[in-house]
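input07.cif, holding mmCIF, C-alpha atoms:
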```
data_start
loop_
_atom_site.label_atom_id
_atom_site.label_comp_id
_atom_site.auth_asym_id
_atom_site.auth_seq_id
_atom_site.Cartn_x
_atom_site.Cartn_y
_atom_site.Cartn_z
CA MET H 694 50.47 37.57 33.95
CA PHE H 695 51.74 36.44 30.54
CA ARG H 696 51.54 32.76 31.56
CA GLN H 697 48.01 33.30 32.97
CA ASN H 698 46.79 34.89 29.72
CA ARG H 699 48.32 32.04 27.73
CA LYS H 700 46.58 29.50 29.99
CA ASN H 701 43.25 31.32 29.59
CA ARG H 702 43.68 31.34 25.83
CA ALA H 703 44.39 27.61 25.85
CA ILE H 704 41.22 26.96 27.84
CA VAL H 705 39.20 29.06 25.40
CA VAL H 706 40.70 27.20 22.41
CA VAL H 707 39.87 23.81 23.97
CA ALA H 708 36.33 24.98 24.73
CA ILE H 709 35.86 26.23 21.19
CA LEU H 710 37.17 22.98 19.72
CA SER H 711 34.82 21.00 21.99
CA LEU H 712 31.86 23.10 20.92
CA MET H 713 32.86 22.67 17.28
CA THR H 714 33.04 18.91 17.72
CA ILE H 715 29.64 18.80 19.37
CA GLY H 716 28.20 21.13 16.76
CA CYS H 717 29.62 19.10 13.89
CA ALA H 718 28.10 15.91 15.28
CA ALA H 719 24.74 17.64 15.65
CA PHE H 720 24.75 18.57 11.97
CA THR H 721 25.72 15.13 10.71
CA LYS H 722 23.15 12.60 9.58
CA TYR H 723 23.97 10.25 12.45
CA GLY H 724 23.75 13.15 14.90
CA GLN H 725 20.32 14.08 13.62
CA MET H 726 19.19 10.45 13.86
CA GLU H 727 20.39 10.21 17.47
CA LYS H 728 18.57 13.42 18.35
CA GLN H 729 15.38 12.09 16.77
CA ALA H 730 15.81 8.78 18.63
CA ARG H 731 16.25 10.62 21.93
CA GLN H 732 13.04 12.58 21.35
CA LEU H 733 11.17 9.35 20.59
CA TYR H 734 12.59 7.73 23.72
CA ALA H 735 11.47 10.67 25.86
CA LYS H 736 7.91 10.13 24.57
CA GLY H 737 8.01 6.44 25.52
CA ASN H 738 8.23 5.26 21.93
CA PHE H 739 10.99 2.75 22.66
CA LYS H 740 10.54 0.82 19.40
CA ASP H 741 11.13 3.70 17.00
CA ALA H 742 13.80 5.11 19.33
CA PHE H 743 15.67 1.79 19.18
CA TYR H 744 15.52 1.38 15.40
CA THR H 745 16.42 5.03 14.77
CA CYS H 746 19.37 4.72 17.14
CA VAL H 747 20.50 1.58 15.31
CA THR H 748 20.52 3.56 12.05
CA ALA H 749 22.72 6.21 13.68
CA LEU H 750 25.17 3.59 14.99
CA LYS H 751 25.43 1.88 11.61
CA MET H 752 26.57 5.24 10.26
CA LYS H 753 28.93 5.92 13.19
CA PRO H 754 29.51 2.93 15.54
CA GLY H 755 31.73 5.03 17.81
CA TYR H 756 29.19 7.81 18.37
CA ASP H 757 29.04 7.85 22.18
CA LYS H 758 25.64 9.54 22.52
CA ALA H 759 23.99 6.86 20.38
CA GLN H 760 25.85 4.15 22.32
CA ILE H 761 24.46 5.47 25.61
CA LEU H 762 20.93 5.77 24.22
CA ILE H 763 20.75 2.25 22.76
CA GLN H 764 21.83 0.82 26.13
CA GLN H 765 18.73 2.51 27.57
CA ALA H 766 16.27 1.93 24.70
CA TYR H 767 17.00 -1.79 24.14
CA PRO H 768 16.18 -3.12 27.66
CA ASP H 769 13.18 -0.80 27.90
CA LEU H 770 11.84 -2.08 24.57
CA VAL H 771 12.39 -5.72 25.58
CA ASN H 772 10.67 -5.11 28.91
CA GLN H 773 7.74 -3.47 27.11
CA HIS H 774 7.23 -6.55 24.90
CA GLU H 775 7.65 -9.00 27.79
CA THR H 776 5.12 -7.09 29.91
CA LYS H 777 2.62 -7.15 27.06
CA ILE H 778 3.17 -10.89 26.60
CA LYS H 779 2.40 -11.56 30.28
CA THR H 780 -0.77 -9.49 30.03
CA LEU H 781 -1.89 -11.35 26.90
CA GLU H 782 -1.15 -14.79 28.36
CA ASN H 783 -3.36 -14.01 31.36
CA ALA H 784 -6.20 -12.66 29.19
CA SER H 785 -9.33 -14.65 28.33
CA ASP H 786 -9.46 -13.85 24.62
CA GLU H 787 -9.75 -17.05 22.57
CA PHE H 788 -7.15 -15.99 20.03
CA ARG H 789 -4.76 -14.17 22.39
CA TRP H 790 -1.93 -16.46 21.29
CA ASP H 791 -1.95 -14.84 17.84
CA ALA H 792 -0.91 -11.58 19.50
CA VAL H 793 1.64 -13.40 21.68
CA VAL H 794 3.23 -14.89 18.55
CA ASP H 795 3.43 -11.41 17.05
CA GLU H 796 5.13 -10.05 20.18
CA TYR H 797 7.77 -12.81 20.12
CA ASP H 798 8.31 -12.23 16.40
CA GLN H 799 8.98 -8.57 17.15
CA LEU H 800 11.37 -9.44 20.00
CA ILE H 801 13.35 -11.78 17.75
CA ALA H 802 13.45 -9.06 15.06
CA VAL H 803 14.80 -6.58 17.65
CA ASN H 804 17.55 -9.03 18.68
CA THR H 805 18.44 -9.76 15.06
CA THR H 806 18.74 -6.03 14.39
CA LEU H 807 20.89 -5.51 17.48
CA THR H 808 23.30 -8.32 16.57
CA SER H 809 23.64 -6.93 13.04
CA LEU H 810 25.35 -3.82 14.44
CA PRO H 811 29.13 -3.44 14.17
CA GLN H 812 31.00 -4.06 17.43
CA LEU H 813 30.38 -1.15 19.79
CA VAL H 814 33.36 -0.02 21.88
CA ASP H 815 32.96 2.40 24.80
CA LYS H 816 35.20 5.43 24.23
CA LYS H 817 36.06 5.92 27.88
CA THR H 818 36.71 2.33 28.97
CA GLN H 819 37.68 0.91 25.55
CA GLN H 820 35.55 -2.10 26.49
CA VAL H 821 33.15 -3.82 24.09
CA ILE H 822 29.57 -2.92 25.00
CA GLN H 823 27.61 -6.06 25.89
CA PHE H 824 23.84 -6.61 25.74
CA ASN H 825 21.77 -9.24 27.54
CA VAL H 826 20.24 -10.87 24.45
CA ARG H 827 17.77 -13.61 25.28
CA ASP H 828 16.82 -16.48 22.95
CA TYR H 829 13.06 -16.28 22.43
CA SER H 830 12.73 -19.06 19.83
CA PRO H 831 11.52 -21.74 22.34
CA PHE H 832 8.88 -19.33 23.64
CA LEU H 833 7.82 -18.53 20.08
CA ARG H 834 7.39 -22.23 19.25
CA ASN H 835 5.24 -22.70 22.35
CA ALA H 836 3.10 -19.64 21.48
CA LYS H 837 2.60 -20.94 17.93
CA MET H 838 1.52 -24.31 19.29
CA ASN H 839 -1.04 -22.63 21.55
CA ALA H 840 -2.27 -20.47 18.68
CA ALA H 841 -2.67 -23.57 16.49
CA LYS H 842 -4.65 -25.32 19.24
CA SER H 843 -7.02 -22.38 19.73
CA HIS H 844 -7.77 -22.07 16.00
CA TYR H 845 -8.21 -25.83 15.61
CA ALA H 846 -10.65 -25.89 18.54
CA ALA H 847 -12.60 -22.99 17.01
CA GLY H 848 -12.69 -24.74 13.64
CA ASP H 849 -13.91 -27.96 15.24
CA ARG H 850 -16.67 -26.10 17.10
CA ILE H 851 -17.83 -24.02 14.12
CA SER H 852 -17.72 -26.94 11.67
CA LYS H 853 -20.62 -28.56 13.51
CA ILE H 854 -22.92 -25.75 12.30
CA GLN H 855 -24.27 -26.82 8.93
CA SER H 856 -24.38 -23.52 7.07
CA LEU H 857 -22.36 -22.13 4.19
CA ASP H 858 -20.85 -19.26 6.18
CA SER H 859 -20.06 -21.50 9.17
CA GLN H 860 -18.22 -24.03 7.02
CA LYS H 861 -16.29 -21.20 5.39
CA GLN H 862 -15.29 -19.79 8.79
CA ALA H 863 -14.36 -23.24 10.07
CA ALA H 864 -12.11 -23.74 7.04
CA LYS H 865 -10.37 -20.44 7.82
CA GLU H 866 -9.76 -21.56 11.40
CA PHE H 867 -8.25 -24.88 10.32
CA LYS H 868 -6.10 -23.01 7.80
CA ALA H 869 -4.87 -20.69 10.57
CA ALA H 870 -3.99 -23.69 12.75
CA ASP H 871 -1.92 -25.18 9.94
CA HIS H 872 -0.29 -21.78 9.37
CA TYR H 873 1.01 -21.57 12.94
CA VAL H 874 2.14 -25.20 13.07
CA SER H 875 2.56 -26.89 9.70
CA GLY H 876 0.85 -30.29 9.68
CA PHE H 877 -0.94 -29.65 12.96
CA GLN H 878 -3.08 -32.74 13.65
CA ASP H 879 -5.49 -33.15 10.68
CA ALA H 880 -6.04 -29.40 10.17
CA GLY H 881 -5.08 -29.60 6.49
CA GLN H 882 -7.63 -32.31 5.67
CA ARG H 883 -10.38 -30.67 7.71
CA TYR H 884 -9.70 -27.34 6.03
CA GLU H 885 -10.29 -28.92 2.63
CA VAL H 886 -13.51 -30.61 3.75
CA CYS H 887 -14.93 -27.41 5.21
CA ARG H 888 -13.71 -25.30 2.30
CA LYS H 889 -15.63 -27.43 -0.18
CA ALA H 890 -18.70 -27.30 2.05
CA GLY H 891 -18.35 -23.51 2.33
CA ILE H 892 -17.97 -22.72 -1.37
CA LYS H 893 -20.55 -20.28 -2.67
CA ARG H 894 -21.78 -20.87 -6.22
CA MET H 895 -22.63 -17.70 -8.11
CA ALA H 896 -23.97 -16.91 -11.57
CA ILE H 897 -23.16 -13.54 -13.11
CA ILE H 898 -25.78 -12.43 -15.60
CA PRO H 899 -24.57 -9.94 -18.24
CA PHE H 900 -25.65 -6.43 -17.35
CA ASP H 901 -28.50 -4.69 -19.13
CA ASN H 902 -27.35 -1.64 -21.11
CA LYS H 903 -30.00 0.99 -20.40
CA SER H 904 -27.79 3.92 -21.43
CA GLY H 905 -29.25 4.18 -24.92
CA LYS H 906 -25.71 4.16 -26.34
CA ALA H 907 -25.70 1.03 -28.49
CA GLN H 908 -22.95 2.41 -30.79
CA TYR H 909 -20.26 1.18 -28.41
CA GLY H 910 -21.11 -2.47 -28.93
CA ALA H 911 -21.84 -5.11 -26.33
CA VAL H 912 -20.23 -3.22 -23.46
CA GLU H 913 -22.34 -5.11 -20.95
CA GLU H 914 -21.08 -8.51 -22.12
CA MET H 915 -17.49 -7.29 -22.18
CA ILE H 916 -17.81 -6.17 -18.56
CA THR H 917 -19.27 -9.51 -17.50
CA ASP H 918 -16.54 -11.53 -19.23
CA ARG H 919 -13.82 -9.29 -17.81
CA VAL H 920 -15.15 -9.56 -14.24
CA ILE H 921 -15.41 -13.36 -14.46
CA SER H 922 -11.87 -13.60 -15.86
CA LEU H 923 -10.40 -11.39 -13.14
CA ILE H 924 -12.07 -13.38 -10.36
CA MET H 925 -11.30 -16.82 -11.76
CA ASN H 926 -7.63 -15.93 -12.20
CA ASP H 927 -7.36 -14.93 -8.55
CA ARG H 928 -6.66 -18.05 -6.51
CA GLU H 929 -7.39 -16.34 -3.20
CA ALA H 930 -10.77 -15.06 -4.42
CA MET H 931 -11.75 -18.51 -5.70
CA GLU H 932 -10.99 -20.17 -2.37
CA PHE H 933 -14.66 -19.97 -1.35
CA LEU H 934 -16.31 -19.00 -4.63
CA GLU H 935 -17.37 -20.87 -7.77
CA ILE H 936 -18.56 -19.00 -10.85
CA VAL H 937 -21.05 -20.74 -13.14
CA SER H 938 -19.79 -20.87 -16.71
CA ARG H 939 -21.32 -18.68 -19.39
CA ASP H 940 -22.36 -21.75 -21.39
CA GLN H 941 -24.32 -23.20 -18.46
CA LEU H 942 -26.00 -19.88 -17.84
CA LEU H 943 -26.89 -19.42 -21.54
CA GLN H 944 -28.44 -22.87 -21.72
CA VAL H 945 -30.70 -22.30 -18.72
CA MET H 946 -31.69 -18.80 -19.83
CA GLN H 947 -32.64 -20.12 -23.26
CA GLU H 948 -34.59 -23.02 -21.77
CA GLN H 949 -36.50 -20.54 -19.61
CA LYS H 950 -36.98 -18.27 -22.64
CA LEU H 951 -35.19 -15.42 -20.88
CA GLY H 952 -32.91 -12.79 -22.39
CA MET H 953 -29.23 -13.05 -21.57
CA THR H 954 -29.15 -9.58 -20.06
CA GLY H 955 -31.23 -7.52 -17.71
CA THR H 956 -32.33 -7.36 -14.12
CA ILE H 957 -34.51 -10.37 -13.42
CA ASP H 958 -37.31 -10.39 -10.90
CA ASP H 959 -37.24 -12.28 -7.62
CA ALA H 960 -39.27 -15.25 -8.84
CA THR H 961 -37.08 -15.71 -11.91
CA ALA H 962 -33.95 -15.47 -9.75
CA VAL H 963 -35.17 -18.35 -7.61
CA THR H 964 -36.06 -20.44 -10.68
CA VAL H 965 -32.76 -19.86 -12.49
CA GLY H 966 -30.79 -20.32 -9.28
CA LYS H 967 -32.38 -23.67 -8.48
CA ILE H 968 -31.86 -24.99 -12.01
CA LEU H 969 -28.20 -23.93 -12.00
CA GLY H 970 -27.67 -25.09 -8.43
CA VAL H 971 -26.26 -21.72 -7.39
CA HIS H 972 -26.60 -19.86 -4.13
CA GLU H 973 -26.56 -16.33 -5.55
CA LEU H 974 -27.10 -14.40 -8.75
CA LEU H 975 -25.41 -11.15 -9.66
CA THR H 976 -27.43 -8.87 -11.90
CA GLY H 977 -27.02 -5.25 -12.87
CA LYS H 978 -27.48 -2.47 -15.36
CA ILE H 979 -25.52 0.30 -17.05
CA THR H 980 -27.54 3.47 -16.77
CA GLN H 981 -25.27 5.99 -18.42
CA ILE H 982 -22.35 6.14 -20.85
CA ARG H 983 -20.81 9.60 -21.14
CA TYR H 984 -18.11 10.82 -23.50
CA THR H 985 -16.42 14.21 -23.20
CA PRO H 986 -14.65 15.06 -26.49
CA GLU H 987 -11.06 16.24 -26.47
CA ARG H 988 -10.52 19.80 -25.32
CA THR H 989 -7.32 21.82 -25.38
CA THR H 990 -6.64 24.71 -23.04
CA ASN H 991 -3.53 26.86 -22.71
CA ARG H 992 -1.97 29.44 -20.46
CA SER H 993 1.02 31.73 -20.95
CA TYR H 994 3.53 32.93 -18.39
CA VAL H 995 6.95 34.56 -18.30
CA GLU H 996 9.98 32.97 -16.60
CA THR H 997 13.15 34.86 -15.67
CA GLU H 998 16.55 33.58 -14.62
CA ARG H 999 19.86 35.26 -13.80
CA VAL H 1000 22.64 33.70 -15.90
CA PRO H 1001 26.16 34.50 -17.12
CA VAL H 1002 25.89 36.77 -20.19
CA GLY H 1003 29.57 37.49 -20.82
CA THR H 1004 32.86 38.60 -19.27
CA GLU H 1005 34.59 41.91 -18.59
CA LYS H 1006 38.09 43.12 -17.78
CA TYR H 1007 38.79 45.02 -14.57
CA VAL H 1008 41.71 46.19 -12.44
CA ASP H 1009 41.85 44.80 -8.91
CA ASP H 1010 43.00 46.62 -5.74
CA LYS H 1011 46.63 45.74 -6.48
CA GLY H 1012 46.47 47.22 -9.96
CA LYS H 1013 46.41 43.85 -11.76
CA MET H 1014 44.21 43.26 -14.80
CA ARG H 1015 41.67 40.53 -14.22
CA GLU H 1016 38.55 39.08 -15.84
CA ARG H 1017 35.16 38.43 -14.25
CA THR H 1018 31.78 37.02 -15.26
CA VAL H 1019 28.99 39.42 -16.11
CA TRP H 1020 25.53 38.31 -14.96
CA GLY H 1021 22.21 39.38 -16.39
CA ASP H 1022 18.54 38.45 -16.49
CA VAL H 1023 17.12 36.43 -19.38
CA GLN H 1024 13.46 35.76 -20.10
CA ALA H 1025 11.27 33.28 -21.91
CA THR H 1026 7.54 33.37 -22.59
CA VAL H 1027 6.03 29.91 -22.14
CA THR H 1028 2.69 28.71 -23.47
CA ALA H 1029 1.62 25.50 -21.74
CA TYR H 1030 -1.07 23.33 -23.35
CA THR H 1031 -3.34 20.72 -21.75
CA LYS H 1032 -5.43 18.33 -23.83
CA THR H 1033 -8.08 16.17 -22.11
CA ALA H 1034 -10.80 13.70 -23.04
CA GLN H 1035 -12.88 11.34 -20.93
CA ALA H 1036 -15.46 8.57 -21.00
CA SER H 1037 -17.37 7.17 -18.04
CA LEU H 1038 -19.87 4.41 -17.34
CA SER H 1039 -22.34 4.46 -14.46
CA GLY H 1040 -24.73 1.86 -13.18
CA SER H 1041 -25.55 -0.47 -10.33
CA TYR H 1042 -25.53 -4.15 -9.42
CA GLN H 1043 -27.18 -6.40 -6.88
CA ILE H 1044 -26.54 -9.86 -5.50
CA VAL H 1045 -29.69 -11.93 -4.99
CA ASP H 1046 -29.98 -14.92 -2.65
CA VAL H 1047 -31.81 -17.48 -4.77
CA ALA H 1048 -33.12 -19.40 -1.75
CA THR H 1049 -34.96 -16.40 -0.32
CA ALA H 1050 -35.07 -14.02 -3.32
CA ARG H 1051 -33.60 -11.45 -0.95
CA VAL H 1052 -31.15 -8.82 -2.18
CA LYS H 1053 -27.99 -9.39 -0.10
CA LYS H 1054 -25.88 -6.60 -1.56
CA SER H 1055 -26.60 -3.61 -3.79
CA GLU H 1056 -24.19 -0.89 -4.92
CA SER H 1057 -23.71 1.78 -7.56
CA PHE H 1058 -20.54 1.85 -9.61
CA GLU H 1059 -18.63 4.02 -12.05
CA GLY H 1060 -15.76 3.37 -14.42
CA VAL H 1061 -13.65 6.12 -15.96
CA GLY H 1062 -11.34 6.31 -18.96
CA ASP H 1063 -9.17 9.44 -18.92
CA TYR H 1064 -6.79 11.01 -21.42
CA LEU H 1065 -4.38 13.79 -20.48
CA CYS H 1066 -1.57 15.29 -22.53
CA GLU H 1067 0.58 18.27 -21.51
CA TRP H 1068 3.20 20.04 -23.58
CA ALA H 1069 4.62 23.55 -24.03
CA LYS H 1070 6.21 25.96 -26.49
CA PHE H 1071 8.35 28.96 -25.64
CA ARG H 1072 9.84 32.11 -27.09
CA GLY H 1073 13.02 33.65 -25.76
CA ASP H 1074 16.07 32.32 -23.95
CA GLU H 1075 15.86 28.62 -23.03
CA ARG H 1076 18.12 29.24 -20.02
CA ALA H 1077 15.25 31.08 -18.33
CA LEU H 1078 13.08 27.95 -18.24
CA THR H 1079 12.43 26.02 -15.03
CA ASN H 1080 12.98 22.25 -15.05
CA ASN H 1081 9.24 21.66 -15.39
CA SER H 1082 8.95 24.03 -18.35
CA LYS H 1083 11.95 22.35 -20.01
CA ARG H 1084 10.27 18.96 -19.53
CA LEU H 1085 7.01 20.22 -21.07
CA ALA H 1086 8.89 21.84 -23.95
CA ARG H 1087 10.41 18.45 -24.81
CA GLN H 1088 6.95 16.86 -25.00
CA ALA H 1089 5.14 16.62 -28.32
CA GLU H 1090 1.43 17.19 -28.77
CA GLY H 1091 -0.42 13.90 -28.49
CA PHE H 1092 -3.54 12.59 -30.14
CA ALA H 1093 -6.49 11.69 -27.96
CA PRO H 1094 -7.96 8.16 -28.23
CA THR H 1095 -11.26 7.74 -30.01
CA ASP H 1096 -14.50 7.66 -28.05
CA ASP H 1097 -14.66 3.86 -28.55
CA GLU H 1098 -11.20 3.44 -27.02
CA LEU H 1099 -12.01 5.61 -24.02
CA VAL H 1100 -15.30 3.78 -23.44
CA ASN H 1101 -13.33 0.52 -23.48
CA ASP H 1102 -10.91 1.99 -20.92
CA ALA H 1103 -13.86 3.00 -18.76
CA SER H 1104 -15.29 -0.51 -19.09
CA ASP H 1105 -11.98 -2.00 -17.93
CA ASP H 1106 -11.87 0.37 -14.98
CA LEU H 1107 -15.44 -0.54 -14.03
CA SER H 1108 -14.69 -4.26 -14.40
CA ASN H 1109 -11.64 -4.00 -12.14
CA LYS H 1110 -13.61 -2.15 -9.46
CA LEU H 1111 -16.53 -4.59 -9.62
CA ALA H 1112 -14.21 -7.62 -9.52
CA GLY H 1113 -12.47 -6.14 -6.49
CA ALA H 1114 -15.80 -5.62 -4.73
CA LEU H 1115 -16.84 -9.23 -5.46
CA LYS H 1116 -13.53 -10.60 -4.24
CA ARG H 1117 -13.92 -8.79 -0.95
CA TYR H 1118 -17.51 -10.03 -0.72
CA ALA H 1119 -16.51 -13.64 -1.39
CA MET H 1120 -13.58 -13.66 1.02
#
```

Please lay out the structure from this file as structure tokens.
Amino acid sequence: MFRQNRKNRAIVVVAILSLMTIGCAAFTKYGQMEKQARQLYAKGNFKDAFYTCVTALKMKPGYDKAQILIQQAYPDLVNQHETKIKTLENASDEFRWDAVVDEYDQLIAVNTTLTSLPQLVDKKTQQVIQFNVRDYSPFLRNAKMNAAKSHYAAGDRISKIQSLDSQKQAAKEFKAADHYVSGFQDAGQRYEVCRKAGIKRMAIIPFDNKSGKAQYGAVEEMITDRVISLIMNDREAMEFLEIVSRDQLLQVMQEQKLGMTGTIDDATAVTVGKILGVHELLTGKITQIRYTPERTTNRSYVETERVPVGTEKYVDDKGKMRERTVWGDVQATVTAYTKTAQASLSGSYQIVDVATARVKKSESFEGVGDYLCEWAKFRGDERALTNNSKRLARQAEGFAPTDDELVNDASDDLSNKLAGALKRYAM
């Protein structure tokens, strides 16, 4: 009986230790990652399951659960990519090879990630775990060649259409061909020919300030200059766009006895456009300039925290004199201040096709210049303050910018937004 009880106790101890080991692994970071990877795998998300499992194994290469899972997730992920590649190769889409290239890139990235793992050794067999890693680089080169051919053929076909947009698109196709295979046939030279033929010339006429707020200076000219500068300093935006210089525009406007600002009518747009040799004119107006003076608001609140406030002597259960910390609540009354000020500009712009006098694009816009300052003061015990209140208490009261400065900030914001819109339009 005694031996039986001892045996039972031993079994219980072993079971408890096993449960503790399993439990400990479950609470570790690598255990949590493996659990997450297993859930992803169960949903058929082999990609995220694989990469999450890799993270777990980098933390703990000997973690057997993660070892088992990656031996399942890796071949399933590879098979998923290979199946997709076969489907794409048999499709009729002209640019299917772009997607095939992407699939091979992903497969190579998976293999690179797998080989970056520390050596994985099976706990039971003590054998190194091997994976069937295939070299996809020859297949990738072939897919890139096919992608280059398809884009070159598209560029050749589209380049025969003598229109601005067609030449621009043809240039993009030749550029794509050269991207997939550097120096592919004469794609580089043909790209340059089509790019030049697809460049759109545009004149940006300074906006008309109809806000009635002349005290802020030539805001409209500042916006125009800023927009031109932002676009011309962006190489990608200027790939298919040419901005007429301010001097050229001024000369023509003066010759035509036109003001340098304002929305011009359709007939004038055609006249100015033909003289300048541009395809499009951008005109616009500022309809409103608003300034909200600085305003300070405040709110008060009480914060409480339990902290050590002293010590006291006491006698423990064994009759020995000891000392312990005395805790108590401390408070602080916080007054938080917020100072704000704002300026904003509103208006609209339009892009006119000078050949047809047709408005090709028209949008409203708004630029904002904001000021915000937050600080706080408190009465009471500093130990009661939260981290945020401590941060605010360290801040000093600031001084709001002048209305001129905020209007300038709003003008910059408007210019950045308008330049971004024009870049997207040109590309």

- Task: Find the distance between atom CA of H:Lys893 and atom CA of H:Asp918 and write it in Å to one decimal.
- Result: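 Computing the Euclidean distance for atom CA of H:Lys893 and atom CA of H:Asp918 yields 19.2 Å.
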
- Query: Which protein, DNA or RNA residues have an atom at most 8 Å from (26.0, 39.0, -12.9), counting all atoms listed in the file? List them as a VMD selection string.
  - Reply: chain H and resid 999 to 1002 1018 to 1021

As AutoDock Vina command-line options, please: the centre and edge lengths in Å, to one decimal, of an axis-aligned box enclosing every listed atom of stretch 1105-1114 of chain H with 6 Å added on each side.
```
--center_x -14.1 --center_y -3.6 --center_z -11.3 --size_x 16.9 --size_y 20.0 --size_z 25.2
```

- Task: Any chance you could resolve the PyMOL selection byres ((chain H and resi 848) around 9) against this file and give the residues as a ChimeraX atom specification?
- Result: /H:843-847,849-853,860,862-868,870,880,883-884

- Smallest atom-to-atom distance to H:Met726: which of H:Ala1077, H:Leu762, H:Ala1103, H:Val963, using all atoms listed in the file? H:Leu762

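Proximity to H:Val826 was assessed for H:Ala840, H:Thr976, H:Gln773, H:Pro768 counting all atoms listed in the file; the smallest distance is recorded for H:Pro768.
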
- Message: If the PyMOL selection byres ((chain H and resi 895) around 6) were run on this exact file, what residues would it hold? Put them as a list in words.
- Response: Arg894, Ala896, Ile936, Val971, Glu973 and Leu974 of chain H

- Message: So, with all atoms listed in the file as the atoms that count, which of H:Gly905, H:Lys861, H:Glu948, H:Met752 lies closest to H:Val886?
- Response: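 Ranking H:Gly905, H:Lys861, H:Glu948, H:Met752 by distance to H:Val886, first place goes to H:Lys861.
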
- Query: Could you write out as a ChimeraX atom specification the residues that the PyMOL selection byres ((chain H and resi 937) around 12) matches in the shown file?
  - Reply: /H:893-898,918,921-922,924-925,934-936,938-945,965-966,968-975

- Among H:Lys1032, H:His774, H:Lys728, H:Arg1117, H:Met931 is approached most closely, using all atoms listed in the file, by H:Arg1117

Please fill the gaps in stretch 750-762 of chain H so it has N, CA and C atoms, and write that as a tab-separated table (two decimals), in the frame of the given file.
```tsv
chain	number	residue	atom	x	y	z
H	750	LEU	N	23.96	4.35	14.66
H	750	LEU	CA	25.17	3.59	14.99
H	750	LEU	C	25.75	2.85	13.78
H	751	LYS	N	24.91	2.50	12.83
H	751	LYS	CA	25.43	1.88	11.61
H	751	LYS	C	26.22	2.91	10.80
H	752	MET	N	25.82	4.17	10.93
H	752	MET	CA	26.57	5.24	10.26
H	752	MET	C	27.87	5.55	11.01
H	753	LYS	N	27.78	5.55	12.35
H	753	LYS	CA	28.93	5.92	13.19
H	753	LYS	C	28.93	5.05	14.44
H	754	PRO	N	29.52	3.84	14.39
H	754	PRO	CA	29.51	2.93	15.54
H	754	PRO	C	30.13	3.53	16.80
H	755	GLY	N	31.06	4.46	16.64
H	755	GLY	CA	31.73	5.03	17.81
H	755	GLY	C	31.07	6.26	18.38
H	756	TYR	N	29.88	6.60	17.89
H	756	TYR	CA	29.19	7.81	18.37
H	756	TYR	C	28.67	7.54	19.79
H	757	ASP	N	29.30	8.17	20.78
H	757	ASP	CA	29.04	7.85	22.18
H	757	ASP	C	27.60	8.14	22.62
H	758	LYS	N	27.01	9.21	22.12
H	758	LYS	CA	25.64	9.54	22.52
H	758	LYS	C	24.66	8.44	22.09
H	759	ALA	N	24.85	7.94	20.88
H	759	ALA	CA	23.99	6.86	20.38
H	759	ALA	C	24.25	5.57	21.15
H	760	GLN	N	25.52	5.34	21.53
H	760	GLN	CA	25.85	4.15	22.32
H	760	GLN	C	25.12	4.17	23.67
H	761	ILE	N	25.13	5.33	24.31
H	761	ILE	CA	24.46	5.47	25.61
H	761	ILE	C	22.96	5.26	25.46
H	762	LEU	N	22.38	5.85	24.41
H	762	LEU	CA	20.93	5.77	24.22
H	762	LEU	C	20.46	4.34	23.93
```
